[in-house]
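Peer 1: Here you go, run.cif (mmCIF, C-alpha atoms, pLDDT in the B column; chains and numbers go by the auth columns):
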```cif
data_entry
loop_
_atom_site.group_PDB
_atom_site.id
_atom_site.type_symbol
_atom_site.label_atom_id
_atom_site.label_comp_id
_atom_site.label_asym_id
_atom_site.label_seq_id
_atom_site.Cartn_x
_atom_site.Cartn_y
_atom_site.Cartn_z
_atom_site.B_iso_or_equiv
_atom_site.auth_seq_id
_atom_site.auth_asym_id
ATOM 1 C CA MET A 1 59.834 54.753 110.538 87.00 178 A
ATOM 2 C CA THR A 2 61.491 52.103 112.710 97.00 179 A
ATOM 3 C CA THR A 3 59.745 48.737 112.915 98.00 180 A
ATOM 4 C CA THR A 4 60.362 46.699 116.059 98.00 181 A
ATOM 5 C CA LEU A 5 59.466 43.196 117.241 98.00 182 A
ATOM 6 C CA ILE A 6 59.370 42.496 120.984 98.00 183 A
ATOM 7 C CA THR A 7 58.966 38.888 122.092 98.00 184 A
ATOM 8 C CA GLY A 8 56.939 38.151 125.221 95.00 185 A
ATOM 9 C CA ALA A 9 55.455 41.638 125.204 95.00 186 A
ATOM 10 C CA ASN A 10 51.889 41.277 126.450 95.00 187 A
ATOM 11 C CA LYS A 11 52.969 42.113 130.035 90.00 188 A
ATOM 12 C CA GLY A 12 55.865 43.203 132.235 92.00 189 A
ATOM 13 C CA LEU A 13 59.051 44.624 130.763 93.00 190 A
ATOM 14 C CA GLY A 14 58.060 43.731 127.214 94.00 191 A
ATOM 15 C CA ARG A 15 54.785 45.611 127.453 94.00 192 A
ATOM 16 C CA GLU A 16 56.397 48.682 128.992 95.00 193 A
ATOM 17 C CA THR A 17 59.132 48.630 126.342 97.00 194 A
ATOM 18 C CA ALA A 18 56.461 48.489 123.650 97.00 195 A
ATOM 19 C CA ARG A 19 54.634 51.444 125.215 96.00 196 A
ATOM 20 C CA ARG A 20 57.804 53.528 125.340 96.00 197 A
ATOM 21 C CA LEU A 21 58.919 52.730 121.805 98.00 198 A
ATOM 22 C CA ILE A 22 55.473 53.421 120.349 98.00 199 A
ATOM 23 C CA ALA A 23 55.573 56.801 122.075 97.00 200 A
ATOM 24 C CA ASP A 24 58.959 57.352 120.406 97.00 201 A
ATOM 25 C CA GLY A 25 57.480 56.663 116.975 97.00 202 A
ATOM 26 C CA HIS A 26 58.271 52.971 116.444 98.00 203 A
ATOM 27 C CA THR A 27 55.862 50.632 114.746 98.00 204 A
ATOM 28 C CA VAL A 28 55.832 47.789 117.272 98.00 205 A
ATOM 29 C CA HIS A 29 54.944 44.163 116.666 98.00 206 A
ATOM 30 C CA LEU A 30 53.943 42.946 120.116 98.00 207 A
ATOM 31 C CA SER A 31 54.377 39.193 120.371 97.00 208 A
ATOM 32 C CA SER A 32 52.405 36.963 122.700 97.00 209 A
ATOM 33 C CA ARG A 33 51.698 33.250 123.020 95.00 210 A
ATOM 34 C CA ASP A 34 48.197 34.018 124.347 94.00 211 A
ATOM 35 C CA ALA A 35 45.881 35.542 121.757 95.00 212 A
ATOM 36 C CA GLY A 36 43.508 37.159 124.233 96.00 213 A
ATOM 37 C CA ARG A 37 46.157 38.787 126.410 95.00 214 A
ATOM 38 C CA GLY A 38 48.166 39.815 123.401 96.00 215 A
ATOM 39 C CA ARG A 39 45.161 41.372 121.673 97.00 216 A
ATOM 40 C CA ARG A 40 44.226 43.394 124.746 96.00 217 A
ATOM 41 C CA ALA A 41 47.773 44.676 125.180 96.00 218 A
ATOM 42 C CA ALA A 42 48.163 45.518 121.488 96.00 219 A
ATOM 43 C CA GLU A 43 44.856 47.391 121.388 97.00 220 A
ATOM 44 C CA GLU A 44 45.653 49.347 124.549 96.00 221 A
ATOM 45 C CA LEU A 45 49.093 50.351 123.305 97.00 222 A
ATOM 46 C CA GLY A 46 48.481 50.782 119.600 97.00 223 A
ATOM 47 C CA ALA A 47 50.781 47.904 118.659 98.00 224 A
ATOM 48 C CA ARG A 48 50.434 45.171 116.052 98.00 225 A
ATOM 49 C CA LEU A 49 49.786 41.750 117.557 98.00 226 A
ATOM 50 C CA ILE A 50 51.978 38.821 116.516 97.00 227 A
ATOM 51 C CA LEU A 51 51.122 35.392 117.907 97.00 228 A
ATOM 52 C CA LEU A 52 54.533 33.901 118.585 97.00 229 A
ATOM 53 C CA ASP A 53 55.895 31.062 120.686 97.00 230 A
ATOM 54 C CA VAL A 54 59.681 31.296 120.711 98.00 231 A
ATOM 55 C CA THR A 55 59.958 27.563 121.409 98.00 232 A
ATOM 56 C CA ASP A 56 58.076 26.577 118.237 98.00 233 A
ATOM 57 C CA ASP A 57 59.674 26.655 114.769 98.00 234 A
ATOM 58 C CA ALA A 58 56.381 26.897 112.866 98.00 235 A
ATOM 59 C CA SER A 59 55.197 29.785 115.037 98.00 236 A
ATOM 60 C CA VAL A 60 58.416 31.716 114.467 98.00 237 A
ATOM 61 C CA GLU A 61 58.371 31.053 110.722 98.00 238 A
ATOM 62 C CA ALA A 62 54.784 32.309 110.487 98.00 239 A
ATOM 63 C CA ALA A 63 55.760 35.482 112.350 98.00 240 A
ATOM 64 C CA VAL A 64 58.601 36.117 109.916 98.00 241 A
ATOM 65 C CA LYS A 65 56.237 35.844 106.946 98.00 242 A
ATOM 66 C CA THR A 66 53.749 38.215 108.532 98.00 243 A
ATOM 67 C CA ILE A 67 56.312 40.865 109.416 98.00 244 A
ATOM 68 C CA GLU A 68 58.015 40.561 106.026 98.00 245 A
ATOM 69 C CA ALA A 69 54.668 41.087 104.293 98.00 246 A
ATOM 70 C CA GLU A 70 54.065 44.182 106.419 96.00 247 A
ATOM 71 C CA GLY A 71 57.325 45.811 105.412 96.00 248 A
ATOM 72 C CA GLY A 72 60.267 44.245 107.229 98.00 249 A
ATOM 73 C CA LEU A 73 62.086 44.663 110.540 98.00 250 A
ATOM 74 C CA ASP A 74 64.653 47.071 111.979 98.00 251 A
ATOM 75 C CA VAL A 75 64.834 46.166 115.671 98.00 252 A
ATOM 76 C CA LEU A 76 64.486 42.778 117.366 98.00 253 A
ATOM 77 C CA ILE A 77 64.123 42.666 121.152 98.00 254 A
ATOM 78 C CA ASN A 78 64.503 39.142 122.528 98.00 255 A
ATOM 79 C CA ASN A 79 62.590 39.665 125.765 97.00 256 A
ATOM 80 C CA ALA A 80 60.660 36.410 126.271 96.00 257 A
ATOM 81 C CA GLY A 81 62.102 34.490 129.206 95.00 258 A
ATOM 82 C CA VAL A 82 61.427 32.199 132.146 93.00 259 A
ATOM 83 C CA GLU A 83 63.160 31.868 135.506 90.00 260 A
ATOM 84 C CA GLY A 84 61.999 28.414 136.520 79.00 261 A
ATOM 85 C CA ARG A 85 60.624 28.902 140.024 80.00 262 A
ATOM 86 C CA THR A 86 59.015 26.082 142.007 78.00 263 A
ATOM 87 C CA ALA A 87 55.318 25.939 142.884 74.00 264 A
ATOM 88 C CA ASP A 88 55.993 27.624 146.233 79.00 265 A
ATOM 89 C CA GLY A 89 57.902 30.484 144.595 76.00 266 A
ATOM 90 C CA GLY A 90 61.440 29.308 145.303 84.00 267 A
ATOM 91 C CA VAL A 91 64.291 28.760 142.881 89.00 268 A
ATOM 92 C CA ILE A 92 65.879 25.375 142.228 91.00 269 A
ATOM 93 C CA GLY A 93 69.364 25.196 143.710 93.00 270 A
ATOM 94 C CA ALA A 94 72.285 23.069 142.599 94.00 271 A
ATOM 95 C CA ALA A 95 71.443 20.162 144.908 94.00 272 A
ATOM 96 C CA ASP A 96 67.955 19.683 143.454 92.00 273 A
ATOM 97 C CA MET A 97 68.359 20.799 139.855 92.00 274 A
ATOM 98 C CA THR A 98 67.945 18.138 137.180 94.00 275 A
ATOM 99 C CA ALA A 99 68.892 18.163 133.533 96.00 276 A
ATOM 100 C CA ASP A 100 65.195 18.560 132.710 94.00 277 A
ATOM 101 C CA ASP A 101 65.011 21.714 134.850 92.00 278 A
ATOM 102 C CA LEU A 102 67.940 23.133 132.940 95.00 279 A
ATOM 103 C CA ARG A 103 66.492 22.086 129.584 96.00 280 A
ATOM 104 C CA THR A 104 63.149 23.778 130.283 94.00 281 A
ATOM 105 C CA THR A 105 64.779 27.101 131.066 96.00 282 A
ATOM 106 C CA PHE A 106 67.209 26.923 128.160 98.00 283 A
ATOM 107 C CA GLU A 107 64.387 26.101 125.732 98.00 284 A
ATOM 108 C CA THR A 108 62.913 29.565 126.109 97.00 285 A
ATOM 109 C CA ASN A 109 65.842 31.724 127.177 98.00 286 A
ATOM 110 C CA VAL A 110 68.597 30.342 124.953 98.00 287 A
ATOM 111 C CA PHE A 111 67.122 28.216 122.172 98.00 288 A
ATOM 112 C CA GLY A 112 64.220 30.644 121.814 98.00 289 A
ATOM 113 C CA THR A 113 66.585 33.592 121.449 98.00 290 A
ATOM 114 C CA ALA A 114 68.671 31.705 118.891 98.00 291 A
ATOM 115 C CA ARG A 115 65.595 30.479 116.997 98.00 292 A
ATOM 116 C CA VAL A 116 64.024 33.922 116.692 98.00 293 A
ATOM 117 C CA THR A 117 67.278 35.707 115.876 98.00 294 A
ATOM 118 C CA HIS A 118 68.222 33.200 113.178 98.00 295 A
ATOM 119 C CA ALA A 119 64.775 33.378 111.605 98.00 296 A
ATOM 120 C CA PHE A 120 64.713 37.191 111.461 98.00 297 A
ATOM 121 C CA LEU A 121 68.307 37.722 110.339 98.00 298 A
ATOM 122 C CA PRO A 122 67.369 38.006 106.637 98.00 299 A
ATOM 123 C CA LEU A 123 64.899 40.817 107.426 98.00 300 A
ATOM 124 C CA LEU A 124 67.287 42.583 109.793 98.00 301 A
ATOM 125 C CA ARG A 125 70.080 42.511 107.245 98.00 302 A
ATOM 126 C CA ARG A 126 67.851 44.399 104.797 98.00 303 A
ATOM 127 C CA SER A 127 67.375 47.231 107.292 98.00 304 A
ATOM 128 C CA PRO A 128 69.569 50.335 106.989 97.00 305 A
ATOM 129 C CA ALA A 129 70.130 50.377 110.776 98.00 306 A
ATOM 130 C CA PRO A 130 69.395 46.947 112.286 98.00 307 A
ATOM 131 C CA VAL A 131 69.501 46.397 116.040 98.00 308 A
ATOM 132 C CA VAL A 132 69.153 43.321 118.259 98.00 309 A
ATOM 133 C CA VAL A 133 68.644 43.669 122.012 98.00 310 A
ATOM 134 C CA ASN A 134 68.908 40.510 124.098 98.00 311 A
ATOM 135 C CA VAL A 135 67.351 40.878 127.531 98.00 312 A
ATOM 136 C CA SER A 136 69.873 39.259 129.837 98.00 313 A
ATOM 137 C CA SER A 137 70.357 39.578 133.608 96.00 314 A
ATOM 138 C CA GLY A 138 72.911 40.688 136.145 95.00 315 A
ATOM 139 C CA LEU A 139 72.917 37.049 137.204 96.00 316 A
ATOM 140 C CA ALA A 140 74.644 36.238 133.912 97.00 317 A
ATOM 141 C CA SER A 141 77.827 37.980 135.063 97.00 318 A
ATOM 142 C CA LEU A 142 80.449 35.438 136.125 97.00 319 A
ATOM 143 C CA THR A 143 82.199 38.311 137.861 97.00 320 A
ATOM 144 C CA GLY A 144 79.111 38.955 139.957 96.00 321 A
ATOM 145 C CA LEU A 145 78.403 35.281 140.632 96.00 322 A
ATOM 146 C CA THR A 146 81.915 34.809 142.019 97.00 323 A
ATOM 147 C CA MET A 147 82.166 38.042 144.031 96.00 324 A
ATOM 148 C CA PRO A 148 81.187 37.589 147.702 96.00 325 A
ATOM 149 C CA GLY A 149 78.808 40.306 148.809 92.00 326 A
ATOM 150 C CA SER A 150 77.349 40.975 145.375 91.00 327 A
ATOM 151 C CA PRO A 151 73.606 40.406 144.736 87.00 328 A
ATOM 152 C CA ALA A 152 74.411 37.751 142.140 90.00 329 A
ATOM 153 C CA TYR A 153 76.659 35.817 144.530 95.00 330 A
ATOM 154 C CA ALA A 154 73.744 35.269 146.922 92.00 331 A
ATOM 155 C CA TYR A 155 71.363 33.899 144.274 93.00 332 A
ATOM 156 C CA PRO A 156 70.990 30.114 144.780 93.00 333 A
ATOM 157 C CA GLY A 157 69.492 29.129 141.430 95.00 334 A
ATOM 158 C CA VAL A 158 71.444 27.570 138.577 96.00 335 A
ATOM 159 C CA ALA A 159 69.325 27.324 135.437 96.00 336 A
ATOM 160 C CA TYR A 160 68.438 30.997 135.048 95.00 337 A
ATOM 161 C CA PRO A 161 71.973 32.410 135.458 96.00 338 A
ATOM 162 C CA ALA A 162 73.373 29.686 133.200 98.00 339 A
ATOM 163 C CA SER A 163 70.808 30.433 130.511 98.00 340 A
ATOM 164 C CA LYS A 164 71.447 34.164 130.599 98.00 341 A
ATOM 165 C CA ALA A 165 75.214 33.628 130.511 98.00 342 A
ATOM 166 C CA ALA A 166 74.572 31.625 127.332 98.00 343 A
ATOM 167 C CA VAL A 167 72.514 34.535 125.977 98.00 344 A
ATOM 168 C CA ASN A 168 75.529 36.782 126.577 98.00 345 A
ATOM 169 C CA VAL A 169 77.690 34.416 124.541 98.00 346 A
ATOM 170 C CA LEU A 170 75.127 34.456 121.728 98.00 347 A
ATOM 171 C CA THR A 171 75.223 38.244 121.857 98.00 348 A
ATOM 172 C CA VAL A 172 79.001 38.421 121.483 98.00 349 A
ATOM 173 C CA GLN A 173 79.146 35.867 118.690 98.00 350 A
ATOM 174 C CA TYR A 174 76.269 37.388 116.698 98.00 351 A
ATOM 175 C CA ALA A 175 77.873 40.824 117.038 98.00 352 A
ATOM 176 C CA LYS A 176 81.160 39.520 115.620 98.00 353 A
ATOM 177 C CA ALA A 177 79.456 37.587 112.828 98.00 354 A
ATOM 178 C CA PHE A 178 77.256 40.504 111.731 98.00 355 A
ATOM 179 C CA PRO A 179 79.169 43.780 112.160 98.00 356 A
ATOM 180 C CA GLY A 180 76.422 45.660 110.343 98.00 357 A
ATOM 181 C CA ILE A 181 73.931 44.831 113.110 98.00 358 A
ATOM 182 C CA ARG A 182 74.148 46.420 116.560 98.00 359 A
ATOM 183 C CA VAL A 183 73.751 43.430 118.918 98.00 360 A
ATOM 184 C CA ASN A 184 73.823 43.963 122.681 98.00 361 A
ATOM 185 C CA ALA A 185 72.732 42.302 125.910 98.00 362 A
ATOM 186 C CA VAL A 186 71.051 44.307 128.651 98.00 363 A
ATOM 187 C CA GLU A 187 70.419 43.894 132.372 96.00 364 A
ATOM 188 C CA PRO A 188 67.123 45.589 133.302 94.00 365 A
ATOM 189 C CA GLY A 189 67.692 45.192 137.042 79.00 366 A
ATOM 190 C CA TYR A 190 65.632 43.367 139.641 69.00 367 A
ATOM 191 C CA THR A 191 62.195 44.358 138.388 62.00 368 A
ATOM 192 C CA ALA A 192 58.860 43.295 139.855 49.00 369 A
ATOM 193 C CA THR A 193 57.336 41.070 137.160 58.00 370 A
ATOM 194 C CA ASP A 194 55.555 37.736 136.926 56.00 371 A
ATOM 195 C CA LEU A 195 58.881 36.115 136.025 57.00 372 A
ATOM 196 C CA ASN A 196 60.164 36.496 139.592 53.00 373 A
ATOM 197 C CA GLY A 197 56.849 36.370 141.411 53.00 374 A
ATOM 198 C CA ARG A 198 56.873 40.179 141.626 50.00 375 A
ATOM 199 C CA THR A 199 59.659 40.102 144.198 55.00 376 A
ATOM 200 C CA GLY A 200 61.771 42.710 142.406 50.00 377 A
ATOM 201 C CA HIS A 201 62.303 46.161 143.872 52.00 378 A
ATOM 202 C CA GLN A 202 62.169 48.112 140.584 69.00 379 A
ATOM 203 C CA THR A 203 59.143 49.179 138.574 82.00 380 A
ATOM 204 C CA VAL A 204 58.749 48.104 134.936 80.00 381 A
ATOM 205 C CA GLU A 205 59.266 51.749 133.986 86.00 382 A
ATOM 206 C CA GLU A 206 62.708 51.661 135.593 88.00 383 A
ATOM 207 C CA GLY A 207 63.555 48.237 134.195 88.00 384 A
ATOM 208 C CA ALA A 208 62.588 49.093 130.629 92.00 385 A
ATOM 209 C CA GLU A 209 64.888 52.122 130.498 95.00 386 A
ATOM 210 C CA ILE A 210 68.021 50.265 129.317 97.00 387 A
ATOM 211 C CA ILE A 211 66.031 48.127 126.872 97.00 388 A
ATOM 212 C CA VAL A 212 64.541 51.205 125.234 98.00 389 A
ATOM 213 C CA ARG A 213 67.899 52.974 125.212 98.00 390 A
ATOM 214 C CA MET A 214 69.708 50.131 123.461 98.00 391 A
ATOM 215 C CA ALA A 215 66.818 49.563 121.040 98.00 392 A
ATOM 216 C CA SER A 216 67.220 53.175 119.938 98.00 393 A
ATOM 217 C CA ILE A 217 70.942 53.262 119.122 97.00 394 A
ATOM 218 C CA GLY A 218 72.122 54.195 115.660 96.00 395 A
ATOM 219 C CA PRO A 219 74.614 52.558 113.280 96.00 396 A
ATOM 220 C CA ASP A 220 77.518 54.079 115.231 96.00 397 A
ATOM 221 C CA GLY A 221 76.290 52.709 118.557 97.00 398 A
ATOM 222 C CA PRO A 222 77.986 49.961 120.566 98.00 399 A
ATOM 223 C CA THR A 223 77.786 46.313 119.650 98.00 400 A
ATOM 224 C CA GLY A 224 78.767 43.085 121.376 98.00 401 A
ATOM 225 C CA GLY A 225 78.294 44.690 124.786 98.00 402 A
ATOM 226 C CA TYR A 226 76.547 43.982 128.085 98.00 403 A
ATOM 227 C CA PHE A 227 74.908 46.982 129.727 98.00 404 A
ATOM 228 C CA ASP A 228 72.707 48.156 132.538 96.00 405 A
ATOM 229 C CA VAL A 229 71.287 51.638 132.967 95.00 406 A
ATOM 230 C CA SER A 230 74.602 52.879 134.381 95.00 407 A
ATOM 231 C CA GLY A 231 76.809 51.571 131.571 97.00 408 A
ATOM 232 C CA PRO A 232 78.884 48.491 130.624 97.00 409 A
ATOM 233 C CA LEU A 233 78.851 45.485 132.962 97.00 410 A
ATOM 234 C CA PRO A 234 81.639 42.994 133.679 96.00 411 A
ATOM 235 C CA TRP A 235 81.184 39.654 132.017 96.00 412 A
#
```
Here is a file; write its structure as structure tokens.
Peer 2:
Amino acid sequence: MTTTLITGANKGLGRETARRLIADGHTVHLSSRDAGRGRRAAEELGARLILLDVTDDASVEAAVKTIEAEGGLDVLINNAGVEGRTADGGVIGAADMTADDLRTTFETNVFGTARVTHAFLPLLRRSPAPVVVNVSSGLASLTGLTMPGSPAYAYPGVAYPASKAAVNVLTVQYAKAFPGIRVNAVEPGYTATDLNGRTGHQTVEEGAEIIVRMASIGPDGPTGGYFDVSGPLPW
């Protein structure tokens, strides 16, 4: 049986991914910073709750010990993320962005991904078919950001695209360093979740499709790639 950890999974894309993978036979560790919300989601889905804050070393280390004691890990889905919207729902553009704004977003999206991946590498490397899925964004594509007329080109924010571009770099470098692990980045699409103030046009069912697909690949599957539901994306 495949054992999977999904960070930030008490709602949105993480929750829907957990639901789908449980239906496919995975044992899912559903991670949440909030015990109450996480417990409700885990009970409703039939998942195992893991209290985990990706920005906290002690929290991540405790999660590793728990999952190791329960048998190990085959699939890691780095889903936890923040966009960094203002109180009125807008994004912070280049003229107003400070280093602190950038740091806050990177702490979860980049440092959190690196922290969790590094901590779970020993367990993943014991798996016969280890997989890492990094939830990225179409806004991470430099091709898209520089192509007039594309959705990414019109996005005014800085911190979120920069953080997800960094996640793509982590993906490529981890894939090269660990050829026995399938490591890929995915773009779920513009999905209505709390992250974007529910402004997305896709449902979580549609957005989770590529996450579930890449979490389910075998040892001969792709690695070091960047995909949406239609296939590979330009970096």
Peer 1: Applied to the shown file, which residues does the PyMOL selection byres ((chain A and resi 219) around 12) return, written as a ChimeraX atom specification?
Peer 2: /A:183,186-188,191-193,195-196,199,204-209,211-218,220-228
Peer 1: Could you give me the axis-aligned bounding box of region 357-360 of chain A, with 4 Å of padding per side, as centre plus edge lengths in Å to one decimal, as JSON?
Peer 2:
```
{"center_x": 75.1, "center_y": 44.9, "center_z": 114.6, "size_x": 10.7, "size_y": 11.0, "size_z": 16.6}
```
Peer 1: So the first atom is CA of Glu383 (chain A) and the second is CA of Arg292 (chain A); what is the distance between them in Å, to one decimal place?
Peer 2: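 For CA of Glu383 (chain A) relative to CA of Arg292 (chain A), the distance reads 28.3 Å.
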Peer 1: Got a sec: who's within 9 Å of Arg303 (chain A), counting all atoms listed in the file, leaving out chain neighbours fewer than 3 positions off, as number ranges by chain?
Peer 2: A: 249-251, 298-300, 306-307
Peer 1: Starting from the shown file, work through the PyMOL selection byres ((chain A and resi 343-346) around 8) and note down what comes out as a VMD selection string.
Peer 2: chain A and resid 286 to 287 290 311 313 317 339 to 342 347 to 350 362 403
Peer 1: Between CA of Met324 (chain A) and CA of Gly289 (chain A), measure the distance and give it in Å to one decimal.
Peer 2: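 CA of Met324 (chain A) sits 29.5 Å away from CA of Gly289 (chain A).
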Peer 1: Please compute the CA of Gly261 (chain A)-CA of Ala235 (chain A) distance, one decimal, in Å.
Peer 2: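 These two atoms are separated by 24.4 Å.
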Peer 1: Just say which residues the PyMOL selection byres ((chain A and resi 310) around 9) picks in this file, as a list in words.
Peer 2: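 Selected by the PyMOL selection byres ((chain A and resi 310) around 9) in this file: Val252, Leu253, Ile254, Asn255, Asn256, Val308, Val309, Asn311, Val312, Thr348, Arg359, Val360, Asn361, Ala362, Val363, Ile388, Met391 and Ala392 of chain A.
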Peer 1: If we count only C-alpha atoms, what is near Asp278 (chain A) at a cut-off of 10 Å, once residues fewer than 3 positions away on the same chain are taken out, given as number ranges by chain?
Peer 2: A: 261-262, 269, 273-275, 281-283, 335-337
Peer 1: Compare A:Gly357, A:Glu364, A:Trp412, A:Arg280 by their minimum atom-to-atom distance to Arg390 (chain A), counting all atoms listed in the file, and give me the closest one.
Peer 2: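 Closest candidate: A:Glu364.
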Peer 1: Nearest to Thr294 (chain A) among A:Glu247, A:Glu260, A:Asp265, A:Glu238, with distances taken over only C-alpha atoms: which residue is it?
Peer 2: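 Under the stated criterion, the closest residue is A:Glu238.
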Peer 1: Under the rule that all atoms listed in the file are counted, which of A:Thr320, A:Thr181, A:Thr400, A:Thr194 is the nearest residue to Glu382 (chain A)?
Peer 2: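 The closest residue to Glu382 (chain A) is A:Thr194.
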Peer 1: Counting only C-alpha atoms, what is within 10 Å of Pro411 (chain A), bar same-chain residues fewer than 2 positions away, as a PDB file with C-alpha atoms, in the coordinates of the input?
Peer 2:
```pdb
ATOM      1  CA  GLY A 315      72.911  40.688 136.145  1.00 95.00           C
ATOM      2  CA  ALA A 317      74.644  36.238 133.912  1.00 97.00           C
ATOM      3  CA  SER A 318      77.827  37.980 135.063  1.00 97.00           C
ATOM      4  CA  LEU A 319      80.449  35.438 136.125  1.00 97.00           C
ATOM      5  CA  THR A 320      82.199  38.311 137.861  1.00 97.00           C
ATOM      6  CA  GLY A 321      79.111  38.955 139.957  1.00 96.00           C
ATOM      7  CA  GLY A 402      78.294  44.690 124.786  1.00 98.00           C
ATOM      8  CA  TYR A 403      76.547  43.982 128.085  1.00 98.00           C
ATOM      9  CA  PHE A 404      74.908  46.982 129.727  1.00 98.00           C
ATOM     10  CA  PRO A 409      78.884  48.491 130.624  1.00 97.00           C
TER      11      PRO A 409
END
```
Peer 1: Take region 326-340 of chain A from the preceding structure and save N, CA and C atoms as a PDB file, in the first residue's frame.
Peer 2:
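The resulting file, result20.pdb, is shown below:
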```pdb
ATOM      1  N   GLY A 326      -0.014  38.959 -23.481  1.00  0.00           N
ATOM      2  CA  GLY A 326      -1.247  38.267 -23.822  1.00  0.00           C
ATOM      3  C   GLY A 326      -1.488  37.012 -23.018  1.00  0.00           C
ATOM      4  N   SER A 327      -0.469  36.487 -22.360  1.00  0.00           N
ATOM      5  CA  SER A 327      -0.657  35.288 -21.553  1.00  0.00           C
ATOM      6  C   SER A 327      -1.257  35.669 -20.195  1.00  0.00           C
ATOM      7  N   PRO A 328      -1.959  34.745 -19.520  1.00  0.00           N
ATOM      8  CA  PRO A 328      -2.503  35.038 -18.195  1.00  0.00           C
ATOM      9  C   PRO A 328      -1.427  35.442 -17.197  1.00  0.00           C
ATOM     10  N   ALA A 329      -0.270  34.797 -17.263  1.00  0.00           N
ATOM     11  CA  ALA A 329       0.803  35.115 -16.325  1.00  0.00           C
ATOM     12  C   ALA A 329       1.336  36.527 -16.534  1.00  0.00           C
ATOM     13  N   TYR A 330       1.411  36.956 -17.776  1.00  0.00           N
ATOM     14  CA  TYR A 330       1.952  38.289 -18.091  1.00  0.00           C
ATOM     15  C   TYR A 330       1.151  39.383 -17.400  1.00  0.00           C
ATOM     16  N   ALA A 331      -0.152  39.181 -17.262  1.00  0.00           N
ATOM     17  CA  ALA A 331      -1.028  40.212 -16.699  1.00  0.00           C
ATOM     18  C   ALA A 331      -1.027  40.245 -15.176  1.00  0.00           C
ATOM     19  N   TYR A 332      -0.431  39.236 -14.540  1.00  0.00           N
ATOM     20  CA  TYR A 332      -0.457  39.177 -13.070  1.00  0.00           C
ATOM     21  C   TYR A 332       0.517  40.202 -12.492  1.00  0.00           C
ATOM     22  N   PRO A 333       0.058  41.100 -11.596  1.00  0.00           N
ATOM     23  CA  PRO A 333       0.925  42.183 -11.126  1.00  0.00           C
ATOM     24  C   PRO A 333       1.809  41.846  -9.936  1.00  0.00           C
ATOM     25  N   GLY A 334       1.519  40.757  -9.246  1.00  0.00           N
ATOM     26  CA  GLY A 334       2.276  40.427  -8.039  1.00  0.00           C
ATOM     27  C   GLY A 334       3.686  39.952  -8.338  1.00  0.00           C
ATOM     28  N   VAL A 335       4.527  39.993  -7.312  1.00  0.00           N
ATOM     29  CA  VAL A 335       5.934  39.611  -7.458  1.00  0.00           C
ATOM     30  C   VAL A 335       6.294  38.406  -6.590  1.00  0.00           C
ATOM     31  N   ALA A 336       5.907  38.451  -5.325  1.00  0.00           N
ATOM     32  CA  ALA A 336       6.384  37.451  -4.370  1.00  0.00           C
ATOM     33  C   ALA A 336       5.931  36.036  -4.724  1.00  0.00           C
ATOM     34  N   TYR A 337       4.671  35.875  -5.088  1.00  0.00           N
ATOM     35  CA  TYR A 337       4.158  34.540  -5.370  1.00  0.00           C
ATOM     36  C   TYR A 337       4.824  33.918  -6.604  1.00  0.00           C
ATOM     37  N   PRO A 338       4.860  34.616  -7.746  1.00  0.00           N
ATOM     38  CA  PRO A 338       5.566  34.022  -8.893  1.00  0.00           C
ATOM     39  C   PRO A 338       7.032  33.725  -8.607  1.00  0.00           C
ATOM     40  N   ALA A 339       7.702  34.638  -7.891  1.00  0.00           N
ATOM     41  CA  ALA A 339       9.116  34.418  -7.581  1.00  0.00           C
ATOM     42  C   ALA A 339       9.299  33.182  -6.711  1.00  0.00           C
ATOM     43  N   SER A 340       8.405  33.012  -5.750  1.00  0.00           N
ATOM     44  CA  SER A 340       8.521  31.853  -4.855  1.00  0.00           C
ATOM     45  C   SER A 340       8.277  30.549  -5.612  1.00  0.00           C
TER      46      SER A 340
END
```
